[in-house]
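Structure data follow from target39.txt (compact mmCIF, C-alpha atoms):
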```txt
# COMPACT_ATOMS: atom_id res chain seq x y z
CA MET A 1 106.24 144.25 45.85
CA GLY A 2 103.42 143.46 43.51
CA GLY A 3 103.59 143.53 39.76
CA THR A 4 102.97 141.74 36.53
CA PHE A 5 106.71 141.05 36.13
CA ASP A 6 106.28 140.35 32.43
CA PRO A 7 109.29 140.08 32.48
CA VAL A 8 110.92 141.02 35.78
CA HIS A 9 113.92 143.27 35.09
CA HIS A 10 116.82 144.97 36.85
CA GLY A 11 114.70 148.08 37.53
CA HIS A 12 112.39 145.97 39.73
CA LEU A 13 115.35 144.50 41.59
CA VAL A 14 117.05 147.86 42.14
CA ALA A 15 113.80 149.38 43.45
CA ALA A 16 113.28 146.47 45.86
CA SER A 17 116.86 146.69 47.08
CA GLU A 18 116.71 150.47 47.59
CA VAL A 19 113.47 150.24 49.56
CA ALA A 20 114.79 147.32 51.64
CA ASP A 21 117.86 149.39 52.52
CA SER A 22 115.97 152.63 53.15
CA PHE A 23 113.37 151.03 55.42
CA GLN A 24 115.63 148.32 56.89
CA LEU A 25 113.22 145.62 55.74
CA ASP A 26 113.86 142.02 56.73
CA GLU A 27 112.27 140.71 53.55
CA VAL A 28 110.85 141.88 50.24
CA VAL A 29 108.17 139.54 48.95
CA PHE A 30 107.69 139.71 45.19
CA VAL A 31 104.09 138.91 44.28
CA PRO A 32 103.45 138.28 40.57
CA THR A 33 99.84 139.07 39.72
CA GLY A 34 97.55 136.26 38.71
CA ARG A 35 94.97 137.99 36.50
CA PRO A 36 95.73 141.74 36.66
CA TRP A 37 92.32 143.42 36.50
CA GLN A 38 93.71 146.73 35.20
CA LYS A 39 95.50 144.99 32.31
CA SER A 40 92.57 142.98 30.97
CA ASP A 41 92.76 144.81 27.62
CA TYR A 42 96.02 143.14 26.54
CA LEU A 43 97.62 139.72 26.64
CA VAL A 44 99.75 138.95 29.69
CA SER A 45 102.16 136.01 29.69
CA ASP A 46 101.28 132.78 31.44
CA PRO A 47 101.30 133.28 35.23
CA GLU A 48 103.60 130.29 35.78
CA ASP A 49 106.18 131.73 33.37
CA ARG A 50 106.06 135.11 35.15
CA TYR A 51 106.37 133.38 38.53
CA LEU A 52 109.37 131.30 37.44
CA MET A 53 111.12 134.33 35.90
CA THR A 54 110.65 136.17 39.21
CA VAL A 55 112.06 133.23 41.19
CA ILE A 56 115.09 133.11 38.88
CA ALA A 57 115.63 136.88 39.10
CA THR A 58 115.41 137.09 42.90
CA ALA A 59 117.34 133.93 43.83
CA ALA A 60 120.67 135.69 44.37
CA ASP A 61 119.40 138.08 47.09
CA GLU A 62 118.58 136.45 50.43
CA ARG A 63 116.25 139.36 51.30
CA PHE A 64 113.98 138.51 48.36
CA THR A 65 111.28 135.84 48.27
CA VAL A 66 108.48 135.16 45.80
CA SER A 67 104.89 134.42 46.77
CA ARG A 68 102.28 132.52 44.77
CA VAL A 69 99.44 134.13 46.73
CA ASP A 70 97.97 135.91 43.69
CA LEU A 71 98.60 133.01 41.32
CA ASP A 72 96.82 130.48 43.48
CA ARG A 73 93.73 132.66 44.07
CA ALA A 74 90.93 132.42 41.49
CA GLY A 75 89.55 135.52 39.82
CA PRO A 76 91.09 138.92 39.12
CA THR A 77 94.03 140.11 41.21
CA TYR A 78 93.31 142.97 43.59
CA THR A 79 95.97 144.43 45.90
CA VAL A 80 93.54 144.38 48.81
CA ASP A 81 93.19 140.58 48.51
CA THR A 82 96.97 140.20 48.22
CA LEU A 83 97.52 142.16 51.42
CA ARG A 84 94.78 140.30 53.29
CA ASP A 85 96.30 136.95 52.33
CA LEU A 86 99.81 138.06 53.29
CA HIS A 87 98.57 139.37 56.65
CA ALA A 88 97.04 135.94 57.31
CA ALA A 89 100.34 134.23 56.43
CA TYR A 90 102.63 136.37 58.62
CA ASP A 91 102.90 137.10 62.31
CA GLU A 92 100.46 139.76 63.51
CA GLN A 93 103.42 141.89 64.60
CA THR A 94 104.65 142.18 61.00
CA ASP A 95 104.63 145.66 59.50
CA PHE A 96 103.60 145.71 55.86
CA PHE A 97 104.82 148.04 53.14
CA PHE A 98 103.51 147.85 49.60
CA ILE A 99 106.10 148.82 46.99
CA THR A 100 104.89 150.04 43.62
CA GLY A 101 105.92 152.40 40.88
CA ALA A 102 105.01 156.06 41.28
CA ASP A 103 103.05 155.80 38.01
CA ALA A 104 100.84 153.00 39.40
CA LEU A 105 100.47 154.82 42.70
CA GLY A 106 99.10 157.81 40.84
CA ALA A 107 96.05 155.70 39.98
CA ILE A 108 95.51 154.25 43.46
CA LEU A 109 92.17 155.96 43.90
CA THR A 110 90.89 153.69 41.10
CA TRP A 111 92.08 150.54 42.87
CA HIS A 112 89.52 148.09 44.23
CA GLN A 113 88.86 148.94 47.92
CA HIS A 114 91.77 151.40 48.03
CA ASP A 115 90.71 152.61 51.51
CA GLU A 116 91.30 149.10 52.86
CA VAL A 117 94.68 148.91 51.07
CA LEU A 118 95.75 152.00 53.02
CA LYS A 119 94.82 150.29 56.29
CA LEU A 120 96.71 147.10 55.45
CA ALA A 121 100.07 148.55 54.37
CA HIS A 122 102.15 151.69 54.16
CA LEU A 123 102.56 152.51 50.48
CA ILE A 124 105.96 153.18 48.96
CA GLY A 125 106.04 154.81 45.55
CA VAL A 126 109.35 154.40 43.75
CA THR A 127 110.40 156.63 40.91
CA ARG A 128 110.54 155.43 37.35
CA PRO A 129 112.17 157.42 34.60
CA GLY A 130 109.60 159.64 32.91
CA HIS A 131 107.26 159.73 35.90
CA ARG A 132 107.34 162.46 38.49
CA LEU A 133 106.58 161.85 42.12
CA ALA A 134 103.23 163.36 42.94
CA ASP A 135 100.97 162.68 45.89
CA PRO A 136 97.70 161.35 44.45
CA GLY A 137 95.74 162.89 47.34
CA LEU A 138 96.18 160.17 49.92
CA PRO A 139 95.95 160.77 53.67
CA ASP A 140 99.08 162.20 55.30
CA GLY A 141 101.54 159.51 56.34
CA SER A 142 100.03 156.77 54.15
CA VAL A 143 102.62 156.97 51.38
CA THR A 144 106.35 157.54 51.12
CA PHE A 145 108.11 158.32 47.86
CA VAL A 146 111.58 156.90 47.31
CA GLU A 147 114.05 158.02 44.67
CA VAL A 148 115.87 155.08 43.10
CA PRO A 149 118.81 155.10 40.71
CA ALA A 150 117.44 155.83 37.26
CA LEU A 151 117.21 152.67 35.19
CA ALA A 152 115.23 153.36 32.04
CA ILE A 153 114.05 149.77 31.74
CA SER A 154 110.46 148.71 31.25
CA SER A 155 108.89 145.30 30.86
CA THR A 156 107.07 146.57 27.77
CA ASP A 157 110.35 147.56 26.13
CA CYS A 158 111.89 144.20 27.03
CA ARG A 159 108.98 142.36 25.37
CA VAL A 160 109.22 144.55 22.25
CA ARG A 161 112.99 144.02 22.03
CA VAL A 162 112.60 140.24 22.19
CA GLY A 163 109.81 140.42 19.60
CA ARG A 164 112.08 142.21 17.12
CA GLY A 165 115.03 139.93 17.86
CA SER A 166 117.07 142.43 19.90
CA SER A 167 119.04 141.53 23.00
CA ILE A 168 117.72 142.11 26.51
CA GLU A 169 120.99 140.98 28.08
CA TYR A 170 121.85 143.32 31.01
CA LEU A 171 118.25 144.61 31.14
CA VAL A 172 117.03 141.47 32.88
CA PRO A 173 119.01 138.90 34.87
CA HIS A 174 120.84 136.39 32.65
CA GLY A 175 118.78 133.47 33.92
CA VAL A 176 115.62 135.31 32.83
CA VAL A 177 117.14 135.90 29.36
CA GLU A 178 117.72 132.15 29.10
CA PHE A 179 114.21 131.32 30.38
CA ILE A 180 112.58 133.66 27.84
CA ALA A 181 114.60 132.09 25.01
CA LYS A 182 113.89 128.53 26.15
CA ARG A 183 110.14 129.16 26.47
CA GLY A 184 109.95 131.25 23.27
CA LEU A 185 108.26 134.12 25.12
CA TYR A 186 107.49 137.45 23.40
CA ARG A 187 108.62 136.34 19.92
CA ASN A 188 105.38 137.33 18.19
CA LEU A 189 105.14 140.89 19.50
CA SER A 190 106.97 142.89 16.84
```

Whole structure given in structure tokens:
Amino acid sequence: MGGTFDPVHHGHLVAASEVADSFQLDEVVFVPTGRPWQKSDYLVSDPEDRYLMTVIATAADERFTVSRVDLDRAGPTYTVDTLRDLHAAYDEQTDFFFITGADALGAILTWHQHDEVLKLAHLIGVTRPGHRLADPGLPDGSVTFVEVPALAISSTDCRVRVGRGSSIEYLVPHGVVEFIAKRGLYRNLS
């Protein structure tokens, strides 16, 4: 499951859990982006802070792990590179699924080397409130859409709430709330 995770929130965790259950996955690897190439027009929090928040958020579920693969690679983050690196790190018998929001999946044809992405993993598009599930024109069998319990939580809203001094308790795991406060993240966004 790739994402900026700025910050990681309960919607991410619910989506990962639902997909893990639906597909009987042994593990869900959260991969915080290093330098997200499609988000170069706005400021993204420090990669180490996003990584640590993701570690804190996923620690309670033994099915969840966090990878530094995108953080430790120089240059912009492309899904194709993420999947290549993960394939190299896992047994060749491992089946790969790439979990992303249905909104992001709608733009997959703009992704760097999207044809190769389709060869490296089966795509799973999870619903997000306000986004309908629509096949972006991918080959049959390359994508599965999964309905998840509606949690109208977004990382953008969490950042804005912190910036205006509002609580994000119960939107993100408590340890992430504490980390954000300790590091002073998102305070200047209002």

message: Ranking A:Val146, A:Ile108, A:Arg159, A:Leu25 by minimum distance to A:Leu43 and counting all atoms listed in the file, which one comes first?
response: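 Once distances to A:Leu43 are computed over all atoms listed in the file, the minimum belongs to A:Arg159.
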
Counting only C-alpha atoms, which residues in stretch 71-127 of chain A sit no more than 10 Å from stretch 13-16 of chain A? For each one, give the nearest pair of atoms and the distance in Å, sorted by chain then residue number, as a tab-separated table.
```
residue	atom	partner	partner_atom	distance
A:Ile99	CA	A:Ala16	CA	7.6
A:Thr100	CA	A:Ala15	CA	8.9
A:Gly101	CA	A:Ala15	CA	8.8
A:Gly125	CA	A:Ala15	CA	9.7
A:Val126	CA	A:Ala15	CA	6.7
A:Thr127	CA	A:Ala15	CA	8.4
```

message: Please determine, counting only C-alpha atoms, which residue among A:Leu120, A:Gly175, A:Tyr170, A:Arg164 has the shortest atom-to-atom distance to A:Leu151.
response: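 Checking each of A:Leu120, A:Gly175, A:Tyr170, A:Arg164 against A:Leu151, counting only C-alpha atoms, the winner is A:Tyr170.
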
message: Could you check the closest approach to A:Ala89 for each of A:Arg73, A:Ser67, A:His10, A:Pro149 and tell me which residue wins, using only C-alpha atoms?
response: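 Looking at the shortest contact to A:Ala89, the residue is A:Ser67.
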
message: I need the residue nearest A:Asp26 from this list: A:Val176, A:Lys182, A:His114, A:Phe64. Use all atoms listed in the file for the distance.
response: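 Answer, going by the shortest atom-to-atom distance: A:Phe64.
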
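The smallest atom-to-atom distance between A:His87 and any of A:Leu138, A:Leu71, A:Ala121, A:Val162, using all atoms listed in the file, is found for A:Ala121.
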
- request: Calculate how many Å separate atom CA of A:Ile124 from atom CA of A:Ser155, rounding to one decimal.
  value: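 Between these atoms lies a distance of 20.0 Å.
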
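Proximity to A:Pro32 at 6 Å, evaluated using all atoms listed in the file and with sequence-adjacent residues fewer than 4 positions away removed, yields Gly2, Gly3 and Thr4 of chain A.
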
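In this model, the gap between atom CA of A:Thr110 and atom CA of A:Val143 comes to 15.9 Å.
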
- request: Pick out the closest residue to A:Leu86 from this set: A:Val148, A:Ala74, A:Met1, A:Ala104. Count only C-alpha atoms.
  value: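 Among the listed residues, the smallest separation from A:Leu86 belongs to A:Met1.
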
field: For atom CA of A:Val29 and atom CA of A:Ile180, the interatomic separation in Å (one decimal)
entry: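 One can read the atom CA of A:Val29 to atom CA of A:Ile180 distance as 22.4 Å.
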
field: Who sits within 12 Å of A:Asp85, all atoms listed in the file, same chain under 3 positions skipped, as a PyMOL selection string
entry: chain A and resi 31+67-73+77-82+88-91+96+120

- request: Can you pull out every residue within 12 Å of A:His174, counting all atoms listed in the file, but drop anything in the same chain fewer than 4 positions away, and send it as a PyMOL selection string?
  value: chain A and resi 8-10+53+56-60+167-170+178-181
